[in-house]
>>> print(open('upload_16.csv').read())   # CSV, N, CA and C atoms
chain,number,residue,atom,x,y,z
A,1,MET,N,4.2,1.9,-12.2
A,1,MET,CA,5.2,2.9,-12.5
A,1,MET,C,4.9,3.6,-13.8
A,2,ASP,N,4.6,2.8,-14.8
A,2,ASP,CA,4.3,3.4,-16.1
A,2,ASP,C,3.1,4.3,-16.1
A,3,GLU,N,2.0,3.8,-15.5
A,3,GLU,CA,0.7,4.5,-15.5
A,3,GLU,C,0.9,5.9,-14.8
A,4,GLN,N,1.7,5.9,-13.7
A,4,GLN,CA,1.8,7.1,-12.9
A,4,GLN,C,3.1,7.8,-13.2
A,5,HIS,N,3.9,7.3,-14.1
A,5,HIS,CA,5.1,8.0,-14.5
A,5,HIS,C,6.1,8.1,-13.4
A,6,VAL,N,6.3,7.1,-12.6
A,6,VAL,CA,7.2,7.1,-11.5
A,6,VAL,C,8.5,6.4,-12.0
A,7,PRO,N,9.6,7.0,-12.0
A,7,PRO,CA,10.9,6.4,-12.4
A,7,PRO,C,11.2,5.1,-11.6
A,8,LEU,N,11.8,4.2,-12.3
A,8,LEU,CA,12.2,2.9,-11.6
A,8,LEU,C,13.1,3.2,-10.4
A,9,ASP,N,14.0,4.1,-10.5
A,9,ASP,CA,14.9,4.4,-9.4
A,9,ASP,C,14.3,5.0,-8.2
A,10,MET,N,13.0,5.5,-8.3
A,10,MET,CA,12.3,6.0,-7.2
A,10,MET,C,11.4,4.9,-6.6
A,11,GLU,N,11.1,3.9,-7.4
A,11,GLU,CA,10.1,2.9,-7.0
A,11,GLU,C,10.8,1.7,-6.3
A,12,ILE,N,12.0,1.4,-6.7
A,12,ILE,CA,12.7,0.2,-6.1
A,12,ILE,C,13.8,0.8,-5.1
A,13,ASP,N,13.8,0.2,-3.9
A,13,ASP,CA,14.8,0.6,-2.9
A,13,ASP,C,15.3,-0.6,-2.2
A,14,HIS,N,16.2,-0.4,-1.2
A,14,HIS,CA,16.8,-1.5,-0.6
A,14,HIS,C,15.9,-2.4,0.2
A,15,HIS,N,14.7,-2.0,0.5
A,15,HIS,CA,13.7,-2.8,1.2
A,15,HIS,C,13.2,-4.0,0.3
A,16,ASP,N,13.2,-3.7,-1.0
A,16,ASP,CA,12.7,-4.8,-1.9
A,16,ASP,C,13.5,-6.1,-1.8
A,17,SER,N,14.8,-5.9,-1.6
A,17,SER,CA,15.6,-7.1,-1.6
A,17,SER,C,16.1,-7.5,-0.2
A,18,THR,N,15.7,-6.8,0.9
A,18,THR,CA,16.1,-7.1,2.2
A,18,THR,C,15.0,-7.5,3.2
A,19,ASP,N,14.1,-6.5,3.5
A,19,ASP,CA,13.1,-6.8,4.5
A,19,ASP,C,11.7,-6.6,4.2
A,20,ALA,N,11.4,-6.3,2.9
A,20,ALA,CA,10.0,-6.2,2.5
A,20,ALA,C,9.3,-7.5,2.3
A,21,HIS,N,8.1,-7.6,2.7
A,21,HIS,CA,7.2,-8.8,2.5
A,21,HIS,C,6.3,-8.4,1.3
A,22,HIS,N,6.4,-9.1,0.2
A,22,HIS,CA,5.8,-8.8,-1.0
A,22,HIS,C,4.4,-9.6,-1.1
A,23,TYR,N,3.4,-8.9,-1.7
A,23,TYR,CA,2.1,-9.4,-1.9
A,23,TYR,C,1.8,-9.4,-3.4
A,24,LEU,N,1.2,-10.4,-3.9
A,24,LEU,CA,0.8,-10.5,-5.3
A,24,LEU,C,-0.6,-11.1,-5.3
A,25,GLY,N,-1.6,-10.3,-5.8
A,25,GLY,CA,-3.0,-10.7,-5.9
A,25,GLY,C,-3.3,-11.3,-7.2
A,26,TRP,N,-4.0,-12.4,-7.3
A,26,TRP,CA,-4.3,-13.1,-8.5
A,26,TRP,C,-5.8,-13.2,-8.7
A,27,GLN,N,-6.3,-13.1,-9.9
A,27,GLN,CA,-7.7,-13.4,-10.3
A,27,GLN,C,-7.7,-14.2,-11.6
A,28,ASN,N,-8.3,-15.3,-11.5
A,28,ASN,CA,-8.4,-16.2,-12.7
A,28,ASN,C,-7.0,-16.5,-13.3
A,29,SER,N,-6.0,-16.8,-12.5
A,29,SER,CA,-4.6,-17.2,-12.9
A,29,SER,C,-3.9,-16.0,-13.5
A,30,GLU,N,-4.4,-14.8,-13.2
A,30,GLU,CA,-3.7,-13.6,-13.7
A,30,GLU,C,-3.3,-12.7,-12.6
A,31,PRO,N,-2.1,-12.2,-12.5
A,31,PRO,CA,-1.7,-11.3,-11.4
A,31,PRO,C,-2.3,-9.9,-11.7
A,32,VAL,N,-3.1,-9.4,-10.7
A,32,VAL,CA,-3.8,-8.2,-10.9
A,32,VAL,C,-3.5,-7.1,-9.9
A,33,ALA,N,-2.8,-7.5,-8.8
A,33,ALA,CA,-2.5,-6.6,-7.7
A,33,ALA,C,-1.1,-6.9,-7.1
A,34,ALA,N,-0.5,-5.8,-6.5
A,34,ALA,CA,0.7,-6.0,-5.9
A,34,ALA,C,0.9,-5.0,-4.7
A,35,ALA,N,1.7,-5.3,-3.7
A,35,ALA,CA,1.9,-4.4,-2.6
A,35,ALA,C,3.1,-5.0,-1.8
A,36,ARG,N,3.6,-4.3,-0.9
A,36,ARG,CA,4.6,-4.8,0.1
A,36,ARG,C,4.3,-4.2,1.4
A,37,ILE,N,4.9,-4.9,2.4
A,37,ILE,CA,4.8,-4.5,3.8
A,37,ILE,C,6.2,-4.4,4.3
A,38,VAL,N,6.6,-3.3,5.0
A,38,VAL,CA,7.9,-3.2,5.6
A,38,VAL,C,7.6,-2.9,7.1
A,39,ILE,N,8.3,-3.7,7.9
A,39,ILE,CA,8.1,-3.5,9.4
A,39,ILE,C,9.2,-2.5,9.9
A,40,PHE,N,8.8,-1.4,10.4
A,40,PHE,CA,9.7,-0.4,10.9
A,40,PHE,C,9.6,-0.5,12.5
A,41,PRO,N,10.5,0.1,13.2
A,41,PRO,CA,10.5,-0.1,14.7
A,41,PRO,C,9.2,0.3,15.3
A,42,SER,N,8.5,1.3,14.8
A,42,SER,CA,7.3,1.8,15.5
A,42,SER,C,6.0,1.5,14.7
A,43,TYR,N,6.0,0.9,13.5
A,43,TYR,CA,4.8,0.6,12.8
A,43,TYR,C,5.1,-0.3,11.6
A,44,ALA,N,4.0,-1.0,11.2
A,44,ALA,CA,4.1,-1.8,10.0
A,44,ALA,C,3.5,-0.9,8.9
A,45,LYS,N,4.3,-0.8,7.8
A,45,LYS,CA,3.8,0.1,6.7
A,45,LYS,C,3.5,-0.6,5.4
A,46,LEU,N,2.2,-0.4,5.0
A,46,LEU,CA,1.8,-0.9,3.7
A,46,LEU,C,2.3,0.0,2.6
A,47,GLN,N,2.9,-0.5,1.6
A,47,GLN,CA,3.5,0.3,0.6
A,47,GLN,C,3.3,-0.3,-0.8
A,48,ARG,N,3.5,0.6,-1.8
A,48,ARG,CA,3.5,0.1,-3.2
A,48,ARG,C,2.2,-0.6,-3.6
A,49,ILE,N,1.1,-0.2,-3.0
A,49,ILE,CA,-0.2,-0.8,-3.3
A,49,ILE,C,-0.7,-0.5,-4.7
A,50,ALA,N,-0.9,-1.5,-5.5
A,50,ALA,CA,-1.3,-1.2,-6.9
A,50,ALA,C,-2.3,-2.3,-7.3
A,51,LEU,N,-3.3,-1.9,-8.1
A,51,LEU,CA,-4.3,-2.8,-8.7
A,51,LEU,C,-4.4,-2.4,-10.2
A,52,ILE,N,-4.3,-3.4,-11.1
A,52,ILE,CA,-4.4,-3.1,-12.5
A,52,ILE,C,-5.7,-2.3,-12.8
A,53,ASN,N,-5.6,-1.3,-13.6
A,53,ASN,CA,-6.7,-0.4,-13.9
A,53,ASN,C,-8.0,-1.1,-14.2
A,54,GLU,N,-8.0,-2.0,-15.1
A,54,GLU,CA,-9.3,-2.7,-15.5
A,54,GLU,C,-9.9,-3.5,-14.4
A,55,HIS,N,-9.2,-3.7,-13.3
A,55,HIS,CA,-9.8,-4.5,-12.1
A,55,HIS,C,-10.2,-3.5,-11.0
A,56,ARG,N,-10.1,-2.2,-11.2
A,56,ARG,CA,-10.5,-1.3,-10.1
A,56,ARG,C,-12.0,-1.1,-10.2
A,57,GLY,N,-12.6,-0.7,-9.1
A,57,GLY,CA,-14.0,-0.4,-9.0
A,57,GLY,C,-14.9,-1.6,-8.8
A,58,LYS,N,-14.3,-2.8,-8.6
A,58,LYS,CA,-15.0,-4.0,-8.4
A,58,LYS,C,-14.9,-4.6,-7.0
A,59,GLY,N,-14.4,-3.8,-6.1
A,59,GLY,CA,-14.2,-4.3,-4.7
A,59,GLY,C,-12.9,-5.0,-4.4
A,60,LEU,N,-12.1,-5.2,-5.4
A,60,LEU,CA,-10.9,-6.0,-5.2
A,60,LEU,C,-9.9,-5.2,-4.3
A,61,GLY,N,-9.9,-3.9,-4.4
A,61,GLY,CA,-9.0,-3.1,-3.6
A,61,GLY,C,-9.3,-3.3,-2.1
A,62,GLY,N,-10.5,-3.3,-1.8
A,62,GLY,CA,-10.9,-3.5,-0.4
A,62,GLY,C,-10.5,-4.9,0.1
A,63,VAL,N,-10.7,-5.9,-0.8
A,63,VAL,CA,-10.3,-7.3,-0.5
A,63,VAL,C,-8.8,-7.3,-0.2
A,64,MET,N,-8.0,-6.8,-1.2
A,64,MET,CA,-6.6,-6.7,-1.0
A,64,MET,C,-6.1,-6.0,0.2
A,65,LEU,N,-6.7,-4.9,0.5
A,65,LEU,CA,-6.4,-4.1,1.7
A,65,LEU,C,-6.6,-4.9,3.0
A,66,ARG,N,-7.8,-5.6,3.1
A,66,ARG,CA,-8.1,-6.4,4.2
A,66,ARG,C,-7.0,-7.6,4.4
A,67,GLN,N,-6.6,-8.2,3.3
A,67,GLN,CA,-5.6,-9.2,3.3
A,67,GLN,C,-4.2,-8.6,3.8
A,68,LEU,N,-3.9,-7.4,3.3
A,68,LEU,CA,-2.6,-6.8,3.7
A,68,LEU,C,-2.7,-6.5,5.2
A,69,ILE,N,-3.8,-6.0,5.7
A,69,ILE,CA,-3.9,-5.7,7.1
A,69,ILE,C,-3.7,-6.9,8.0
A,70,GLU,N,-4.4,-8.0,7.6
A,70,GLU,CA,-4.3,-9.3,8.3
A,70,GLU,C,-2.9,-9.8,8.3
A,71,PHE,N,-2.2,-9.7,7.2
A,71,PHE,CA,-0.8,-10.2,7.1
A,71,PHE,C,0.1,-9.3,7.9
A,72,ALA,N,-0.1,-8.0,7.9
A,72,ALA,CA,0.7,-7.1,8.7
A,72,ALA,C,0.5,-7.4,10.2
A,73,ARG,N,-0.7,-7.7,10.6
A,73,ARG,CA,-0.9,-8.0,12.0
A,73,ARG,C,-0.3,-9.3,12.4
A,74,THR,N,-0.1,-10.3,11.5
A,74,THR,CA,0.6,-11.5,11.8
A,74,THR,C,2.1,-11.2,11.9
A,75,LEU,N,2.6,-10.4,11.1
A,75,LEU,CA,4.0,-10.0,11.1
A,75,LEU,C,4.4,-9.2,12.3
A,76,ALA,N,3.6,-8.3,12.7
A,76,ALA,CA,3.9,-7.3,13.8
A,76,ALA,C,2.7,-7.1,14.6
A,77,PRO,N,2.2,-8.0,15.4
A,77,PRO,CA,0.9,-7.9,16.1
A,77,PRO,C,0.9,-6.8,17.1
A,78,ASP,N,2.0,-6.3,17.6
A,78,ASP,CA,2.0,-5.2,18.6
A,78,ASP,C,2.2,-3.8,18.0
A,79,LEU,N,2.3,-3.7,16.7
A,79,LEU,CA,2.6,-2.4,16.1
A,79,LEU,C,1.4,-1.9,15.3
A,80,PRO,N,1.2,-0.5,15.3
A,80,PRO,CA,0.2,0.0,14.5
A,80,PRO,C,0.5,-0.1,13.0
A,81,ILE,N,-0.5,0.0,12.2
A,81,ILE,CA,-0.4,-0.2,10.7
A,81,ILE,C,-0.6,1.2,10.1
A,82,ALA,N,0.3,1.6,9.2
A,82,ALA,CA,0.3,2.9,8.5
A,82,ALA,C,0.5,2.7,7.0
A,83,LEU,N,0.2,3.8,6.3
A,83,LEU,CA,0.5,3.8,4.9
A,83,LEU,C,0.5,5.3,4.4
A,84,ASP,N,1.0,5.6,3.3
A,84,ASP,CA,1.0,6.9,2.7
A,84,ASP,C,0.1,6.8,1.5
A,85,ALA,N,-1.1,7.3,1.6
A,85,ALA,CA,-2.2,7.2,0.5
A,85,ALA,C,-2.1,8.2,-0.5
A,86,GLN,N,-2.2,7.8,-1.8
A,86,GLN,CA,-2.4,8.8,-2.8
A,86,GLN,C,-3.8,9.4,-2.5
A,87,ILE,N,-3.9,10.7,-2.7
A,87,ILE,CA,-5.1,11.5,-2.4
A,87,ILE,C,-6.3,10.9,-3.0
A,88,GLN,N,-6.3,10.5,-4.3
A,88,GLN,CA,-7.4,9.9,-4.9
A,88,GLN,C,-7.9,8.6,-4.3
A,89,ALA,N,-7.0,7.9,-3.6
A,89,ALA,CA,-7.4,6.6,-3.0
A,89,ALA,C,-7.7,6.7,-1.5
A,90,ARG,N,-7.7,7.9,-1.0
A,90,ARG,CA,-7.9,8.1,0.5
A,90,ARG,C,-9.2,7.5,0.9
A,91,GLY,N,-10.3,7.6,0.2
A,91,GLY,CA,-11.6,7.1,0.6
A,91,GLY,C,-11.6,5.6,0.8
A,92,LEU,N,-10.8,4.9,-0.1
A,92,LEU,CA,-10.7,3.4,0.0
A,92,LEU,C,-10.1,3.1,1.4
A,93,TYR,N,-9.1,3.8,1.8
A,93,TYR,CA,-8.4,3.5,3.0
A,93,TYR,C,-9.3,3.9,4.2
A,94,GLU,N,-10.0,5.0,4.1
A,94,GLU,CA,-10.9,5.4,5.2
A,94,GLU,C,-12.0,4.3,5.4
A,95,LYS,N,-12.5,3.7,4.4
A,95,LYS,CA,-13.5,2.7,4.5
A,95,LYS,C,-13.0,1.5,5.3
A,96,GLN,N,-11.6,1.3,5.3
A,96,GLN,CA,-11.0,0.2,6.0
A,96,GLN,C,-10.5,0.6,7.4
A,97,GLY,N,-10.9,1.8,7.8
A,97,GLY,CA,-10.5,2.2,9.2
A,97,GLY,C,-9.3,3.1,9.3
A,98,PHE,N,-8.7,3.5,8.2
A,98,PHE,CA,-7.5,4.4,8.3
A,98,PHE,C,-7.9,5.8,8.5
A,99,GLU,N,-7.1,6.6,9.2
A,99,GLU,CA,-7.4,8.0,9.5
A,99,GLU,C,-6.2,8.8,9.0
A,100,ALA,N,-6.5,9.9,8.3
A,100,ALA,CA,-5.4,10.8,7.8
A,100,ALA,C,-4.7,11.5,9.0
A,101,GLN,N,-3.4,11.7,8.8
A,101,GLN,CA,-2.6,12.4,9.8
A,101,GLN,C,-1.7,13.3,9.1
A,102,GLY,N,-1.6,14.5,9.5
A,102,GLY,CA,-0.7,15.5,9.0
A,102,GLY,C,-1.2,16.1,7.7
A,103,ASP,N,-0.3,16.7,7.0
A,103,ASP,CA,-0.6,17.5,5.8
A,103,ASP,C,-0.3,16.7,4.5
A,104,VAL,N,-0.9,17.1,3.4
A,104,VAL,CA,-0.7,16.5,2.1
A,104,VAL,C,0.8,16.8,1.8
A,105,PHE,N,1.5,15.8,1.2
A,105,PHE,CA,2.9,15.9,0.8
A,105,PHE,C,3.1,15.3,-0.6
A,106,ASP,N,4.1,15.7,-1.3
A,106,ASP,CA,4.4,15.2,-2.6
A,106,ASP,C,5.4,14.0,-2.5
A,107,ASP,N,5.0,13.0,-3.2
A,107,ASP,CA,5.9,11.8,-3.3
A,107,ASP,C,5.9,11.4,-4.8
A,108,ALA,N,7.0,11.6,-5.5
A,108,ALA,CA,7.2,11.3,-6.9
A,108,ALA,C,6.2,12.0,-7.8
A,109,GLY,N,5.9,13.3,-7.4
A,109,GLY,CA,5.0,14.1,-8.2
A,109,GLY,C,3.6,13.8,-7.9
A,110,ILE,N,3.2,13.0,-6.9
A,110,ILE,CA,1.8,12.7,-6.6
A,110,ILE,C,1.5,13.1,-5.2
A,111,ASP,N,0.4,13.7,-5.0
A,111,ASP,CA,0.0,14.1,-3.6
A,111,ASP,C,-0.4,12.9,-2.8
A,112,HIS,N,0.1,12.8,-1.6
A,112,HIS,CA,-0.1,11.8,-0.7
A,112,HIS,C,-0.5,12.3,0.7
A,113,ILE,N,-1.1,11.5,1.6
A,113,ILE,CA,-1.3,11.8,3.0
A,113,ILE,C,-1.0,10.6,3.8
A,114,HIS,N,-0.3,10.8,4.9
A,114,HIS,CA,0.0,9.7,5.8
A,114,HIS,C,-1.3,9.3,6.5
A,115,MET,N,-1.5,8.0,6.7
A,115,MET,CA,-2.7,7.5,7.3
A,115,MET,C,-2.3,6.3,8.3
A,116,ARG,N,-3.1,6.2,9.4
A,116,ARG,CA,-2.9,5.1,10.3
A,116,ARG,C,-4.2,4.4,10.6
A,117,LEU,N,-4.1,3.1,10.8
A,117,LEU,CA,-5.3,2.3,11.1
A,117,LEU,C,-5.7,2.6,12.5
A,118,ARG,N,-7.0,2.9,12.7
A,118,ARG,CA,-7.5,3.1,14.0
A,118,ARG,C,-7.4,1.9,14.9
>>> encode(input="upload_16.csv", output="C-alpha cells")
Amino acid sequence: MDEQHVPLDMEIDHHDSTDAHHYLGWQNSEPVAAARIVIFPSYAKLQRIALINEHRGKGLGGVMLRQLIEFARTLAPDLPIALDAQIQARGLYEKQGFEAQGDVFDDAGIDHIHMRLR
C-alpha cells in the first residue's frame, strides 16, 4: 500500500474478514510475500499479490504464483482462475499461463488488465 500509494480503505474490504484465503510467503524466517484468494460463483480470483521489492527479480514471484494456483485449484477445482494484473506485472502472469482479457482499466490509480488462466 505504501509503495504504490493505495489508501488503506481501498485495500481492505469485507472479503478480508469473511471469505478470503490469505497467503503469506516466507524466506529465511522473514515474511516477503502476500496474497489472497477469493472464490466467486464463476471463478477463483487471485488478489492483492505482493512481493517485497528487494526480493523481486529472483524467481520468487513465479514460485508464489504457482503455489497460489495450486491452492486455488484445491479450493475450487471446477472453476477457472482469474486475476487483475498490474500492467507492469503482466509478463509474469503470462509466463504462468494467464491470458489478458478486455481492456486496460484503472484500479486505485494503477493500470490493470483482467487475466484468466488458460
>>> residues_around(input="upload_16.csv", residues="Val32 of chain A", least_positions_apart="5", cutoff="7 Å", atoms="only N, CA and C atoms", output="list of chain:residue names")
A:Leu24, A:Gly25, A:Trp26, A:Gln27, A:Ala50, A:Leu51, A:Ile52
>>> write_last_selection(input="upload_16.csv", atoms="N, CA and C atoms", output="CSV table (one decimal), in the coordinates of the input")
chain,number,residue,atom,x,y,z
A,24,LEU,N,1.2,-10.4,-3.9
A,24,LEU,CA,0.8,-10.5,-5.3
A,24,LEU,C,-0.6,-11.1,-5.3
A,25,GLY,N,-1.6,-10.3,-5.8
A,25,GLY,CA,-3.0,-10.7,-5.9
A,25,GLY,C,-3.3,-11.3,-7.2
A,26,TRP,N,-4.0,-12.4,-7.3
A,26,TRP,CA,-4.3,-13.1,-8.5
A,26,TRP,C,-5.8,-13.2,-8.7
A,27,GLN,N,-6.3,-13.1,-9.9
A,27,GLN,CA,-7.7,-13.4,-10.3
A,27,GLN,C,-7.7,-14.2,-11.6
A,50,ALA,N,-0.9,-1.5,-5.5
A,50,ALA,CA,-1.3,-1.2,-6.9
A,50,ALA,C,-2.3,-2.3,-7.3
A,51,LEU,N,-3.3,-1.9,-8.1
A,51,LEU,CA,-4.3,-2.8,-8.7
A,51,LEU,C,-4.4,-2.4,-10.2
A,52,ILE,N,-4.3,-3.4,-11.1
A,52,ILE,CA,-4.4,-3.1,-12.5
A,52,ILE,C,-5.7,-2.3,-12.8
>>> select_by_dssp(input="upload_16.csv", residues="chain A", states="helix (DSSP H, G or I)", output="number ranges by chain")
A: 8-11, 14-17, 53-55, 60-75, 87-95
>>> residues_around(input="upload_16.csv", residues="segment 107-116 of chain A", least_positions_apart="2", cutoff="7 Å", atoms="only C-alpha atoms", output="count of residues only")
17
>>> atom_distance(input="upload_16.csv", atom1="atom C of Ala33 of chain A", atom2="atom C of Asp106 of chain A")
22.4 Å
>>> residues_around(input="upload_16.csv", residues="segment 14-19 of chain A", least_positions_apart="2", cutoff="6.5 Å", atoms="all atoms listed in the file", output="compact mmCIF listing (two decimals) with N, CA and C atoms, in the coordinates of the input")
# COMPACT_ATOMS: atom_id res chain seq x y z
N ILE A 12 12.00 1.40 -6.70
CA ILE A 12 12.70 0.20 -6.10
C ILE A 12 13.80 0.80 -5.10
N HIS A 21 8.10 -7.60 2.70
CA HIS A 21 7.20 -8.80 2.50
C HIS A 21 6.30 -8.40 1.30
N ILE A 37 4.90 -4.90 2.40
CA ILE A 37 4.80 -4.50 3.80
C ILE A 37 6.20 -4.40 4.30
N VAL A 38 6.60 -3.30 5.00
CA VAL A 38 7.90 -3.20 5.60
C VAL A 38 7.60 -2.90 7.10
N ILE A 39 8.30 -3.70 7.90
CA ILE A 39 8.10 -3.50 9.40
C ILE A 39 9.20 -2.50 9.90
>>> atom_distance(input="upload_16.csv", atom1="atom CA of Lys58 of chain A", atom2="atom CA of Ala89 of chain A")
14.1 Å
>>> residues_around(input="upload_16.csv", residues="Leu92 of chain A", least_positions_apart="5", cutoff="8 Å", atoms="all atoms listed in the file", output="JSON, numbers by chain")
{"A": [61, 62, 97, 98]}
>>> atom_distance(input="upload_16.csv", atom1="atom CA of Asn28 of chain A", atom2="atom CA of Ala44 of chain A")
29.6 Å
>>> select_by_dssp(input="upload_16.csv", residues="segment 37-71 of chain A", states="strand (DSSP E)", output="list of chain:residue names")
A:Ile37, A:Val38, A:Ile39, A:Ala44, A:Lys45, A:Leu46, A:Gln47, A:Arg48, A:Ile49, A:Ala50, A:Leu51
>>> closest_residue(input="upload_16.csv", among="A:His22, A:Arg90, A:Lys95, A:Arg48", to="Arg66 of chain A", atoms="only C-alpha atoms")
A:Lys95
>>> build_atoms(input="upload_16.csv", residues="segment 81-98 of chain A", atoms="N, CA, C and O atoms", output="short mmCIF file (atom, residue, chain, number, x, y, z; two decimals), in the frame of the given file")
data_model
loop_
_atom_site.label_atom_id
_atom_site.label_comp_id
_atom_site.auth_asym_id
_atom_site.auth_seq_id
_atom_site.Cartn_x
_atom_site.Cartn_y
_atom_site.Cartn_z
N ILE A 81 -0.50 0.00 12.20
CA ILE A 81 -0.40 -0.20 10.70
C ILE A 81 -0.60 1.20 10.10
O ILE A 81 -1.52 1.93 10.40
N ALA A 82 0.30 1.60 9.20
CA ALA A 82 0.30 2.90 8.50
C ALA A 82 0.50 2.70 7.00
O ALA A 82 0.90 1.64 6.53
N LEU A 83 0.20 3.80 6.30
CA LEU A 83 0.50 3.80 4.90
C LEU A 83 0.50 5.30 4.40
O LEU A 83 0.02 6.17 5.18
N ASP A 84 1.00 5.60 3.30
CA ASP A 84 1.00 6.90 2.70
C ASP A 84 0.10 6.80 1.50
O ASP A 84 0.46 6.17 0.45
N ALA A 85 -1.10 7.30 1.60
CA ALA A 85 -2.20 7.20 0.50
C ALA A 85 -2.10 8.20 -0.50
O ALA A 85 -1.89 9.42 -0.19
N GLN A 86 -2.20 7.80 -1.80
CA GLN A 86 -2.40 8.80 -2.80
C GLN A 86 -3.80 9.40 -2.50
O GLN A 86 -4.71 8.76 -2.15
N ILE A 87 -3.90 10.70 -2.70
CA ILE A 87 -5.10 11.50 -2.40
C ILE A 87 -6.30 10.90 -3.00
O ILE A 87 -7.36 10.74 -2.37
N GLN A 88 -6.30 10.50 -4.30
CA GLN A 88 -7.40 9.90 -4.90
C GLN A 88 -7.90 8.60 -4.30
O GLN A 88 -9.04 8.21 -4.56
N ALA A 89 -7.00 7.90 -3.60
CA ALA A 89 -7.40 6.60 -3.00
C ALA A 89 -7.70 6.70 -1.50
O ALA A 89 -8.04 5.73 -0.87
N ARG A 90 -7.70 7.90 -1.00
CA ARG A 90 -7.90 8.10 0.50
C ARG A 90 -9.20 7.50 0.90
O ARG A 90 -9.28 6.86 1.99
N GLY A 91 -10.30 7.60 0.20
CA GLY A 91 -11.60 7.10 0.60
C GLY A 91 -11.60 5.60 0.80
O GLY A 91 -12.20 5.02 1.67
N LEU A 92 -10.80 4.90 -0.10
CA LEU A 92 -10.70 3.40 0.00
C LEU A 92 -10.10 3.10 1.40
O LEU A 92 -10.61 2.16 2.08
N TYR A 93 -9.10 3.80 1.80
CA TYR A 93 -8.40 3.50 3.00
C TYR A 93 -9.30 3.90 4.20
O TYR A 93 -9.30 3.18 5.25
N GLU A 94 -10.00 5.00 4.10
CA GLU A 94 -10.90 5.40 5.20
C GLU A 94 -12.00 4.30 5.40
O GLU A 94 -12.35 4.07 6.57
N LYS A 95 -12.50 3.70 4.40
CA LYS A 95 -13.50 2.70 4.50
C LYS A 95 -13.00 1.50 5.30
O LYS A 95 -13.74 0.72 5.87
N GLN A 96 -11.60 1.30 5.30
CA GLN A 96 -11.00 0.20 6.00
C GLN A 96 -10.50 0.60 7.40
O GLN A 96 -9.88 -0.22 8.05
N GLY A 97 -10.90 1.80 7.80
CA GLY A 97 -10.50 2.20 9.20
C GLY A 97 -9.30 3.10 9.30
O GLY A 97 -8.87 3.39 10.42
N PHE A 98 -8.70 3.50 8.20
CA PHE A 98 -7.50 4.40 8.30
C PHE A 98 -7.90 5.80 8.50
O PHE A 98 -8.98 6.24 7.95
#
